[in-house]
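The file my_file-v4.txt contains compact mmCIF, C-alpha atoms:
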# COMPACT_ATOMS: atom_id res chain seq x y z
CA MET A 195 84.85 29.11 -8.49
CA LEU A 196 81.48 30.80 -8.72
CA ILE A 197 78.34 29.22 -10.07
CA GLU A 198 75.34 31.48 -10.38
CA GLY A 199 71.66 30.64 -10.47
CA ASP A 200 69.78 28.41 -8.11
CA LEU A 201 72.96 27.19 -6.48
CA LYS A 202 74.07 30.63 -5.43
CA MET A 203 74.74 30.99 -1.80
CA LYS A 204 73.15 34.18 -0.58
CA THR A 205 70.51 36.66 -1.66
CA GLU A 206 71.11 40.39 -1.75
CA SER A 207 70.08 40.77 1.87
CA ASN A 208 72.58 38.04 2.76
CA ILE A 209 69.97 35.55 3.90
CA SER A 210 70.82 32.05 2.72
CA MET A 211 68.60 30.57 -0.01
CA ASN A 212 68.27 27.52 2.23
CA VAL A 213 66.55 29.58 4.90
CA ILE A 214 64.28 31.12 2.28
CA ARG A 215 63.39 27.73 0.82
CA ARG A 216 62.35 26.52 4.27
CA LEU A 217 59.88 29.40 4.74
CA PRO A 218 57.20 28.03 2.34
CA LYS A 219 57.50 24.66 4.11
CA TYR A 220 56.90 26.29 7.50
CA HIS A 221 54.01 28.21 5.97
CA ARG A 222 52.42 25.05 4.57
CA LEU A 223 52.94 23.14 7.81
CA LEU A 224 51.36 25.93 9.86
CA GLY A 225 48.38 25.92 7.46
CA THR A 226 47.94 22.19 8.03
CA LEU A 227 48.16 22.66 11.81
CA GLN A 228 45.58 25.43 11.59
CA GLU A 229 43.22 23.16 9.64
CA GLU A 230 43.67 20.55 12.36
CA GLY A 231 42.69 23.08 15.01
CA ILE A 232 46.13 23.25 16.62
CA SER A 233 46.90 26.74 17.94
CA LYS A 234 50.31 26.38 19.65
CA VAL A 235 53.46 24.77 18.30
CA SER A 236 57.02 24.46 19.60
CA SER A 237 60.23 24.40 17.58
CA LYS A 238 60.56 20.79 18.81
CA ASP A 239 57.15 19.92 17.26
CA ILE A 240 58.17 21.57 13.98
CA SER A 241 61.45 19.68 14.12
CA ASP A 242 59.68 16.34 14.64
CA ILE A 243 57.55 16.93 11.56
CA THR A 244 60.04 18.50 9.18
CA GLY A 245 63.28 16.87 10.25
CA PHE A 246 64.99 20.28 10.48
CA THR A 247 66.72 20.61 13.86
CA ALA A 248 64.91 22.65 16.52
CA SER A 249 67.90 24.97 16.79
CA GLN A 250 67.90 25.55 13.02
CA ILE A 251 64.19 26.37 13.16
CA ARG A 252 64.69 28.87 16.01
CA GLN A 253 67.64 30.35 14.10
CA ASP A 254 65.49 30.68 10.93
CA PHE A 255 62.80 32.51 12.87
CA ASN A 256 65.36 34.73 14.58
CA THR A 257 66.78 35.72 11.19
CA PHE A 258 63.50 37.52 10.62
CA GLY A 259 63.21 39.03 14.06
CA GLY A 260 61.98 36.08 16.12
CA PHE A 261 58.31 35.28 16.45
CA GLY A 262 57.96 34.01 19.98
CA LYS A 263 59.60 33.33 23.27
CA GLN A 264 61.57 30.15 23.73
CA GLY A 265 59.78 27.73 26.02
CA TYR A 266 56.35 29.24 25.37
CA GLY A 267 55.83 27.86 21.89
CA TYR A 268 54.64 29.78 18.87
CA ASP A 269 51.12 30.91 18.11
CA VAL A 270 50.27 29.01 14.90
CA GLU A 271 48.00 31.64 13.34
CA SER A 272 50.24 34.61 14.01
CA LEU A 273 53.41 32.75 12.99
CA LYS A 274 51.78 31.73 9.70
CA GLU A 275 50.65 35.30 9.09
CA GLN A 276 54.10 36.71 9.79
CA ILE A 277 55.86 34.18 7.57
CA GLY A 278 53.25 34.91 4.90
CA LYS A 279 54.13 38.60 5.11
CA ILE A 280 57.85 37.86 4.77
CA LEU A 281 56.99 35.77 1.70
CA GLY A 282 55.05 38.73 0.28
CA LEU A 283 51.76 36.82 0.39
CA ASP A 284 49.78 39.77 1.69
CA ASN A 285 49.68 41.11 -1.87
CA PHE A 286 48.67 39.59 -5.17
CA HIS A 287 51.44 39.46 -7.74
CA LYS A 288 50.35 40.40 -11.25
CA ALA A 289 51.74 38.00 -13.82
CA ILE A 290 51.69 37.07 -17.48
CA ILE A 291 52.42 33.76 -19.14
CA VAL A 292 54.90 33.82 -22.02
CA GLY A 293 54.37 30.83 -24.28
CA ALA A 294 50.88 29.47 -24.93
CA GLY A 295 51.90 25.87 -25.64
CA HIS A 296 50.77 22.91 -23.56
CA LEU A 297 52.71 23.98 -20.49
CA GLY A 298 51.57 27.62 -20.64
CA GLN A 299 47.96 26.49 -21.03
CA ALA A 300 48.34 23.98 -18.19
CA ILE A 301 49.58 26.74 -15.88
CA ALA A 302 46.84 29.15 -16.97
CA ASN A 303 44.27 26.44 -16.17
CA HIS A 304 45.86 25.45 -12.85
CA SER A 305 43.16 25.81 -10.25
CA GLY A 306 45.37 26.61 -7.29
CA PHE A 307 47.56 29.57 -8.18
CA ARG A 308 44.99 32.34 -7.73
CA SER A 309 44.48 31.25 -4.15
CA HIS A 310 48.26 31.53 -3.80
CA PHE A 311 48.38 35.22 -4.60
CA LEU A 312 49.24 34.91 -8.27
CA ASP A 313 47.04 37.00 -10.54
CA ILE A 314 47.62 35.88 -14.14
CA GLN A 315 46.41 38.68 -16.39
CA GLY A 316 47.59 37.72 -19.85
CA ILE A 317 49.10 35.01 -22.04
CA PHE A 318 51.38 35.67 -25.00
CA ASP A 319 52.86 33.71 -27.86
CA ILE A 320 54.89 34.31 -30.99
CA ASP A 321 52.82 31.93 -33.12
CA LYS A 322 50.15 33.79 -35.14
CA GLU A 323 47.94 30.71 -35.22
CA LYS A 324 47.55 30.91 -31.44
CA PHE A 325 46.52 34.60 -31.37
CA GLY A 326 42.96 35.00 -30.09
CA LEU A 327 42.77 31.43 -28.76
CA ASP A 328 40.84 31.35 -25.49
CA VAL A 329 42.92 30.04 -22.58
CA SER A 330 41.20 30.04 -19.23
CA GLY A 331 39.19 33.13 -20.19
CA MET A 332 42.15 35.02 -21.67
CA LYS A 333 42.79 35.54 -25.39
CA VAL A 334 46.33 34.68 -26.47
CA LYS A 335 48.11 37.89 -27.50
CA ASP A 336 51.06 38.65 -29.78
CA GLU A 337 54.40 38.78 -27.95
CA ASN A 338 55.00 42.14 -29.64
CA GLU A 339 52.26 43.58 -27.40
CA MET A 340 53.99 42.45 -24.19
CA GLU A 341 55.86 45.67 -23.53
CA ASP A 342 52.72 47.83 -23.57
CA PHE A 343 50.76 45.27 -21.57
CA ILE A 344 53.42 44.93 -18.88
CA LYS A 345 53.83 48.68 -18.44
CA LYS A 346 50.11 49.51 -18.59
CA ASN A 347 49.15 46.81 -16.08
CA ASN A 348 52.17 46.95 -13.76
CA ILE A 349 52.95 43.28 -14.34
CA GLU A 350 55.62 42.03 -11.92
CA ILE A 351 56.10 38.38 -12.88
CA ALA A 352 56.59 36.63 -16.21
CA ILE A 353 55.97 32.90 -16.22
CA LEU A 354 58.25 31.55 -18.90
CA CYS A 355 56.81 28.52 -20.71
CA THR A 356 58.83 28.59 -23.91
CA PRO A 357 61.37 26.26 -25.49
CA LYS A 358 64.83 26.70 -24.02
CA ASN A 359 66.43 28.23 -27.12
CA VAL A 360 64.42 31.46 -26.80
CA ALA A 361 64.41 31.71 -22.99
CA VAL A 362 67.53 33.86 -22.55
CA ASP A 363 66.56 36.39 -25.26
CA LEU A 364 63.04 36.63 -23.89
CA THR A 365 64.34 37.18 -20.36
CA GLU A 366 66.51 40.06 -21.59
CA ARG A 367 63.49 41.62 -23.30
CA LEU A 368 61.30 41.12 -20.22
CA ILE A 369 63.93 42.81 -18.04
CA SER A 370 63.96 45.80 -20.40
CA PHE A 371 60.14 45.96 -20.10
CA GLY A 372 60.45 46.25 -16.30
CA ILE A 373 59.57 42.71 -15.17
CA ALA A 374 60.77 42.10 -11.58
CA GLY A 375 60.67 38.31 -11.48
CA ILE A 376 60.76 35.33 -13.82
CA TRP A 377 59.20 32.01 -12.91
CA ASN A 378 61.07 29.85 -15.36
CA PHE A 379 59.57 26.59 -16.63
CA ALA A 380 61.72 26.51 -19.77
CA PRO A 381 64.11 23.55 -19.44
CA ILE A 382 67.19 25.69 -18.91
CA GLN A 383 68.83 27.10 -15.78
CA LEU A 384 68.54 30.87 -16.29
CA GLN A 385 71.30 32.92 -14.66
CA PHE A 386 70.97 36.67 -14.35
CA ASP A 387 72.23 39.17 -11.86
CA GLU A 388 69.73 39.66 -9.07
CA SER A 389 69.97 43.42 -9.44
CA GLU A 390 68.41 43.00 -12.91
CA VAL A 391 65.70 40.45 -12.21
CA VAL A 392 64.98 37.68 -9.72
CA ILE A 393 64.60 34.24 -11.23
CA GLU A 394 63.07 31.10 -9.81
CA ASN A 395 64.02 28.15 -11.97
CA VAL A 396 61.54 25.29 -11.62
CA ASN A 397 63.84 22.32 -11.51
CA LEU A 398 61.74 19.24 -12.20
CA THR A 399 64.84 17.09 -12.57
CA GLU A 400 65.63 17.40 -8.86
CA SER A 401 62.12 16.24 -8.02
CA LEU A 402 62.44 13.34 -10.47
CA TYR A 403 65.78 12.31 -8.91
CA VAL A 404 64.24 12.23 -5.43
CA LEU A 405 61.53 9.90 -6.74
CA SER A 406 64.18 7.76 -8.39
CA TYR A 407 66.07 7.53 -5.08
CA LEU A 408 62.96 6.53 -3.13
CA ILE A 409 62.02 3.84 -5.65
CA ASN A 410 65.55 2.50 -5.62
CA GLU A 411 65.51 2.36 -1.84
CA GLU A 412 62.32 0.27 -1.88
CA GLU A 413 63.70 -2.33 -4.29
CA MET B 226 51.21 15.14 16.03
CA LEU B 227 52.11 13.38 12.81
CA ILE B 228 51.76 14.85 9.38
CA GLU B 229 52.44 12.54 6.48
CA GLY B 230 53.49 13.31 2.97
CA ASP B 231 56.28 15.55 1.86
CA LEU B 232 56.79 16.91 5.36
CA LYS B 233 57.51 13.54 6.82
CA MET B 234 60.73 13.29 8.68
CA LYS B 235 62.43 10.09 7.63
CA THR B 236 62.31 7.56 4.84
CA GLU B 237 62.10 3.83 5.50
CA SER B 238 65.87 3.57 5.74
CA ASN B 239 65.83 6.38 8.28
CA ILE B 240 67.68 8.86 6.09
CA SER B 241 66.22 12.32 6.40
CA MET B 242 64.35 13.66 3.37
CA ASN B 243 66.49 16.78 3.70
CA VAL B 244 69.63 14.77 3.01
CA ILE B 245 67.93 13.08 0.06
CA ARG B 246 66.77 16.41 -1.38
CA ARG B 247 70.33 17.70 -1.27
CA LEU B 248 71.65 14.78 -3.36
CA PRO B 249 70.22 15.99 -6.73
CA LYS B 250 71.71 19.42 -5.97
CA TYR B 251 75.16 17.89 -5.39
CA HIS B 252 74.70 15.85 -8.57
CA ARG B 253 73.82 18.91 -10.63
CA LEU B 254 76.67 20.96 -9.15
CA LEU B 255 79.18 18.19 -9.90
CA GLY B 256 77.88 18.03 -13.48
CA THR B 257 78.48 21.77 -13.85
CA LEU B 258 82.00 21.45 -12.40
CA GLN B 259 82.68 18.60 -14.81
CA GLU B 260 81.56 20.75 -17.77
CA GLU B 261 83.91 23.46 -16.55
CA GLY B 262 86.80 20.98 -16.53
CA ILE B 263 87.22 20.95 -12.74
CA SER B 264 88.28 17.55 -11.46
CA LYS B 265 88.76 18.03 -7.69
CA VAL B 266 86.44 19.67 -5.20
CA SER B 267 86.51 20.12 -1.42
CA SER B 268 83.55 20.20 0.95
CA LYS B 269 84.54 23.83 1.55
CA ASP B 270 84.16 24.58 -2.21
CA ILE B 271 80.77 22.85 -2.26
CA SER B 272 79.80 24.82 0.82
CA ASP B 273 80.79 28.12 -0.79
CA ILE B 274 78.58 27.40 -3.79
CA THR B 275 75.55 25.81 -2.15
CA GLY B 276 75.47 27.57 1.21
CA PHE B 277 75.22 24.19 3.03
CA THR B 278 77.85 24.02 5.75
CA ALA B 279 80.99 22.02 4.97
CA SER B 280 80.32 19.78 7.97
CA GLN B 281 76.77 19.10 6.76
CA ILE B 282 78.13 18.20 3.33
CA ARG B 283 80.70 15.81 4.82
CA GLN B 284 77.98 14.33 7.03
CA ASP B 285 75.70 13.85 3.99
CA PHE B 286 78.45 12.01 2.13
CA ASN B 287 79.28 9.93 5.20
CA THR B 288 75.62 8.87 5.46
CA PHE B 289 76.18 6.95 2.25
CA GLY B 290 79.57 5.56 3.15
CA GLY B 291 81.87 8.52 2.55
CA PHE B 292 83.34 9.24 -0.85
CA GLY B 293 86.75 10.61 -0.07
CA LYS B 294 89.32 11.47 2.49
CA GLN B 295 89.05 14.72 4.39
CA GLY B 296 91.75 17.15 3.37
CA TYR B 297 92.26 15.53 -0.02
CA GLY B 298 89.11 16.76 -1.67
CA TYR B 299 86.71 14.72 -3.75
CA ASP B 300 87.17 13.48 -7.27
CA VAL B 301 84.37 15.25 -9.19
CA GLU B 302 83.70 12.51 -11.73
CA SER B 303 83.68 9.62 -9.29
CA LEU B 304 81.63 11.53 -6.69
CA LYS B 305 79.04 12.39 -9.35
CA GLU B 306 78.91 8.78 -10.48
CA GLN B 307 78.47 7.48 -6.94
CA ILE B 308 75.74 9.98 -6.08
CA GLY B 309 74.09 9.10 -9.39
CA LYS B 310 74.08 5.43 -8.36
CA ILE B 311 72.53 6.27 -5.00
CA LEU B 312 69.87 8.23 -6.87
CA GLY B 313 69.22 5.19 -9.06
CA LEU B 314 70.36 7.00 -12.18
CA ASP B 315 72.31 4.05 -13.52
CA ASN B 316 69.01 2.61 -14.76
CA PHE B 317 66.20 4.01 -16.84
CA HIS B 318 62.86 4.12 -15.07
CA LYS B 319 59.94 3.06 -17.22
CA ALA B 320 57.01 5.40 -16.82
CA ILE B 321 53.55 6.21 -18.09
CA ILE B 322 51.66 9.50 -18.05
CA VAL B 323 48.15 9.39 -16.66
CA GLY B 324 46.08 12.27 -17.99
CA ALA B 325 46.60 13.55 -21.54
CA GLY B 326 45.52 17.14 -20.91
CA HIS B 327 47.78 20.15 -21.39
CA LEU B 328 50.07 19.20 -18.52
CA GLY B 329 50.39 15.54 -19.52
CA GLN B 330 51.18 16.58 -23.08
CA ALA B 331 53.67 19.18 -21.88
CA ILE B 332 55.51 16.53 -19.88
CA ALA B 333 55.44 14.03 -22.75
CA ASN B 334 56.95 16.71 -24.99
CA HIS B 335 59.54 17.85 -22.43
CA SER B 336 62.88 17.52 -24.13
CA GLY B 337 65.00 16.85 -21.07
CA PHE B 338 63.51 13.91 -19.19
CA ARG B 339 64.86 11.10 -21.38
CA SER B 340 68.36 12.29 -20.70
CA HIS B 341 67.46 12.12 -17.02
CA PHE B 342 66.73 8.40 -17.05
CA LEU B 343 62.98 8.60 -17.46
CA ASP B 344 61.61 6.40 -20.22
CA ILE B 345 58.01 7.42 -20.88
CA GLN B 346 56.33 4.51 -22.68
CA GLY B 347 52.66 5.40 -22.74
CA ILE B 348 50.05 8.07 -22.11
CA PHE B 349 46.52 7.36 -20.90
CA ASP B 350 43.29 9.26 -20.50
CA ILE B 351 39.68 8.61 -19.60
CA ASP B 352 38.30 10.88 -22.33
CA LYS B 353 37.30 8.91 -25.47
CA GLU B 354 37.90 11.93 -27.66
CA LYS B 355 41.58 11.84 -26.79
CA PHE B 356 42.08 8.13 -27.61
CA GLY B 357 44.45 7.70 -30.55
CA LEU B 358 45.70 11.29 -30.41
CA ASP B 359 49.42 11.44 -31.14
CA VAL B 360 51.46 12.88 -28.26
CA SER B 361 55.19 12.94 -28.79
CA GLY B 362 55.02 9.78 -30.90
CA MET B 363 52.67 7.90 -28.54
CA LYS B 364 48.97 7.29 -29.15
CA VAL B 365 46.77 8.20 -26.18
CA LYS B 366 45.28 5.00 -24.74
CA ASP B 367 42.17 4.23 -22.68
CA GLU B 368 42.80 4.24 -18.91
CA ASN B 369 41.10 0.84 -18.81
CA GLU B 370 44.12 -0.59 -20.60
CA MET B 371 46.57 0.68 -17.96
CA GLU B 372 46.65 -2.49 -15.86
CA ASP B 373 47.69 -4.72 -18.78
CA PHE B 374 50.17 -2.14 -20.05
CA ILE B 375 51.83 -1.64 -16.67
CA LYS B 376 52.19 -5.38 -16.03
CA LYS B 377 53.31 -6.29 -19.55
CA ASN B 378 55.93 -3.53 -19.74
CA ASN B 379 57.12 -3.53 -16.11
CA ILE B 380 56.24 0.13 -15.68
CA GLU B 381 57.61 1.53 -12.41
CA ILE B 382 56.46 5.13 -12.38
CA ALA B 383 53.12 6.78 -13.07
CA ILE B 384 53.23 10.52 -13.77
CA LEU B 385 49.92 11.83 -12.53
CA CYS B 386 48.61 14.76 -14.58
CA THR B 387 44.93 14.64 -13.72
CA PRO B 388 42.56 16.99 -11.91
CA LYS B 389 42.83 16.67 -8.15
CA ASN B 390 39.41 15.09 -7.62
CA VAL B 391 40.43 11.81 -9.30
CA ALA B 392 44.04 11.70 -8.06
CA VAL B 393 43.48 9.63 -4.91
CA ASP B 394 41.30 7.00 -6.62
CA LEU B 395 43.76 6.72 -9.49
CA THR B 396 46.67 6.31 -7.09
CA GLU B 397 44.87 3.45 -5.36
CA ARG B 398 44.27 1.75 -8.71
CA LEU B 399 47.88 2.31 -9.79
CA ILE B 400 49.12 0.75 -6.54
CA SER B 401 46.96 -2.32 -7.20
CA PHE B 402 48.49 -2.55 -10.69
CA GLY B 403 51.97 -2.72 -9.15
CA ILE B 404 53.26 0.82 -9.71
CA ALA B 405 56.24 1.57 -7.42
CA GLY B 406 56.28 5.35 -7.60
CA ILE B 407 53.98 8.25 -8.38
CA TRP B 408 55.29 11.59 -9.66
CA ASN B 409 52.32 13.71 -8.76
CA PHE B 410 51.53 16.88 -10.71
CA ALA B 411 47.85 16.93 -9.70
CA PRO B 412 47.32 19.95 -7.42
CA ILE B 413 46.84 17.90 -4.27
CA GLN B 414 49.30 16.64 -1.65
CA LEU B 415 49.00 12.84 -1.98
CA GLN B 416 49.68 10.91 1.22
CA PHE B 417 50.16 7.16 1.11
CA ASP B 418 52.15 4.79 3.22
CA GLU B 419 55.62 4.31 1.79
CA SER B 420 55.25 0.54 2.01
CA GLU B 421 52.48 0.81 -0.62
CA VAL B 422 53.98 3.33 -3.02
CA VAL B 423 56.52 6.16 -2.97
CA ILE B 424 55.14 9.52 -3.94
CA GLU B 425 56.91 12.67 -5.01
CA ASN B 426 54.50 15.57 -4.92
CA VAL B 427 55.58 18.39 -7.22
CA ASN B 428 54.88 21.40 -5.10
CA LEU B 429 54.87 24.40 -7.40
CA THR B 430 53.45 26.61 -4.65
CA GLU B 431 56.70 26.44 -2.67
CA SER B 432 58.62 27.54 -5.75
CA LEU B 433 56.14 30.38 -6.34
CA TYR B 434 56.49 31.53 -2.72
CA VAL B 435 60.27 31.69 -3.03
CA LEU B 436 59.87 33.91 -6.10
CA SER B 437 57.39 36.05 -4.19
CA TYR B 438 59.90 36.44 -1.34
CA LEU B 439 62.73 37.43 -3.66
CA ILE B 440 60.60 40.02 -5.47
CA ASN B 441 59.44 41.43 -2.16
CA GLU B 442 63.02 41.71 -0.97
CA GLU B 443 63.98 43.72 -4.06
CA GLU B 444 61.21 46.26 -3.62
Please render this file's structure as structure tokens.
Amino acid sequence: MLIEGDLKMKTESNISMNVIRRLPKYHRLLGTLQEEGISKVSSKDISDITGFTASQIRQDFNTFGGFGKQGYGYDVESLKEQIGKILGLDNFHKAIIVGAGHLGQAIANHSGFRSHFLDIQGIFDIDKEKFGLDVSGMKVKDENEMEDFIKKNNIEIAILCTPKNVAVDLTERLISFGIAGIWNFAPIQLQFDESEVVIENVNLTESLYVLSYLINEEE
Amino acid sequence: MLIEGDLKMKTESNISMNVIRRLPKYHRLLGTLQEEGISKVSSKDISDITGFTASQIRQDFNTFGGFGKQGYGYDVESLKEQIGKILGLDNFHKAIIVGAGHLGQAIANHSGFRSHFLDIQGIFDIDKEKFGLDVSGMKVKDENEMEDFIKKNNIEIAILCTPKNVAVDLTERLISFGIAGIWNFAPIQLQFDESEVVIENVNLTESLYVLSYLINEEE
């Protein structure tokens, strides 16, 4: 019984997706601590804030080589920097948006992504009427020009903002053009072998269900 | 050292947010099993697919009263139904969208949410030029009409799709109008006391960082 996609158990390097999904949370927490002028933090402190057990936190950090000595606490700045490196945040990732509808335009206009190491260099659509439209300083281009654009500009990430019925075909084309990762906003769970492409499915339903739970609990 | 918001440790009922965030994953997995015609599942099976430990899975289920007998496996359909009830999915949640920009329109047009128990009844903006615009069969209304609309239609959820600079003020107004939950897409981590309103911040940065990690790992 094997279900691929977001529910898969391990990545290629055999590190559990659950560990990996905790890393951005540690990174964000450490950023907040830094802003508050806090320079040392223990696994117990991190446990109190996140609800992960202290032993799980130490185990997570050890998975990546350990970042401190038990009993001495962690240095906030250096821990954040090291987790950032593991997350690949020391480099910008070049990206394109595929699909210049409302969602694609919303993402192009999103103020925060550039500061999070995402460098969106182009936006593409299949609809002639959208060609040349200005979106956040970029002109919408014909999807037929994607291959050249991706290869010429060493684009790593495609942000998929299309209807679901074209998402699988487009992903196959993007793989053949050399794209390394897909950030999928199309409302479909894309499932490809990790040796072909890595896919992060944005699952808004899970977020909606958490809200539903919390509202229910209040009633 | 207390940091509020998404990183907070416990909900009012003292159930860890980590448990709650696993529930939609169980629900989705059980739906997939159902589609595949599988009627029984063990915590070991669920562990193999999700990477959560079998004991954690059993503990999660026990938190909500236990759904089966150890050694006998769980009935997929009934487990899904019970988790759905805990998530409040046996009722539609009435919602409005606040902010009729690209993101608000993208969410209004999203094909999947209605099937996930979200009933979007109105869309509001502050920009006169948008008033009356048709978005997915709804006319964009003036934000000044929100209070009446929310009270008259018993709206529970506001989906916040505004720039970040107005998000806090709007949340305060929405609380005073009786909104129970905010699904926040504005690029800011909203932090309110849970006794006032429950907030689910959609944190796209975490998702982006996971993609960044996976791409890095491949290189």
request  = Select all residues from chain B having any atom no more than 6 Å from an atom of chain A (counting all atoms listed in the file, ignoring ligands), output as a ChimeraX atom specification.
outcome  = /B:232-234,249,274-276,312-313,327-328,331,425,431,436-438,441
ask   = Counting only C-alpha atoms, what is within 6 Å of range 346-362 of chain B, bar same-chain residues fewer than 6 positions away, as a PyMOL selection string?
value = chain B and resi 320-325+334+368
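Taking CA of Phe292 in chain B and CA of Leu304 in chain B as the two end points, the separation is 6.5 Å.
Taking all atoms listed in the file into account, Glu397 in chain B lies nearest to B:Gln416 out of the set B:Gln307, B:Ser267, B:Gln416, B:Asn379.
Interatomic distance, CA of Gly298 in chain B to CA of Ser268 in chain B: 7.0 Å.
Here CA of Gln250 in chain A stands at a distance of 27.8 Å from CA of Asp418 in chain B.
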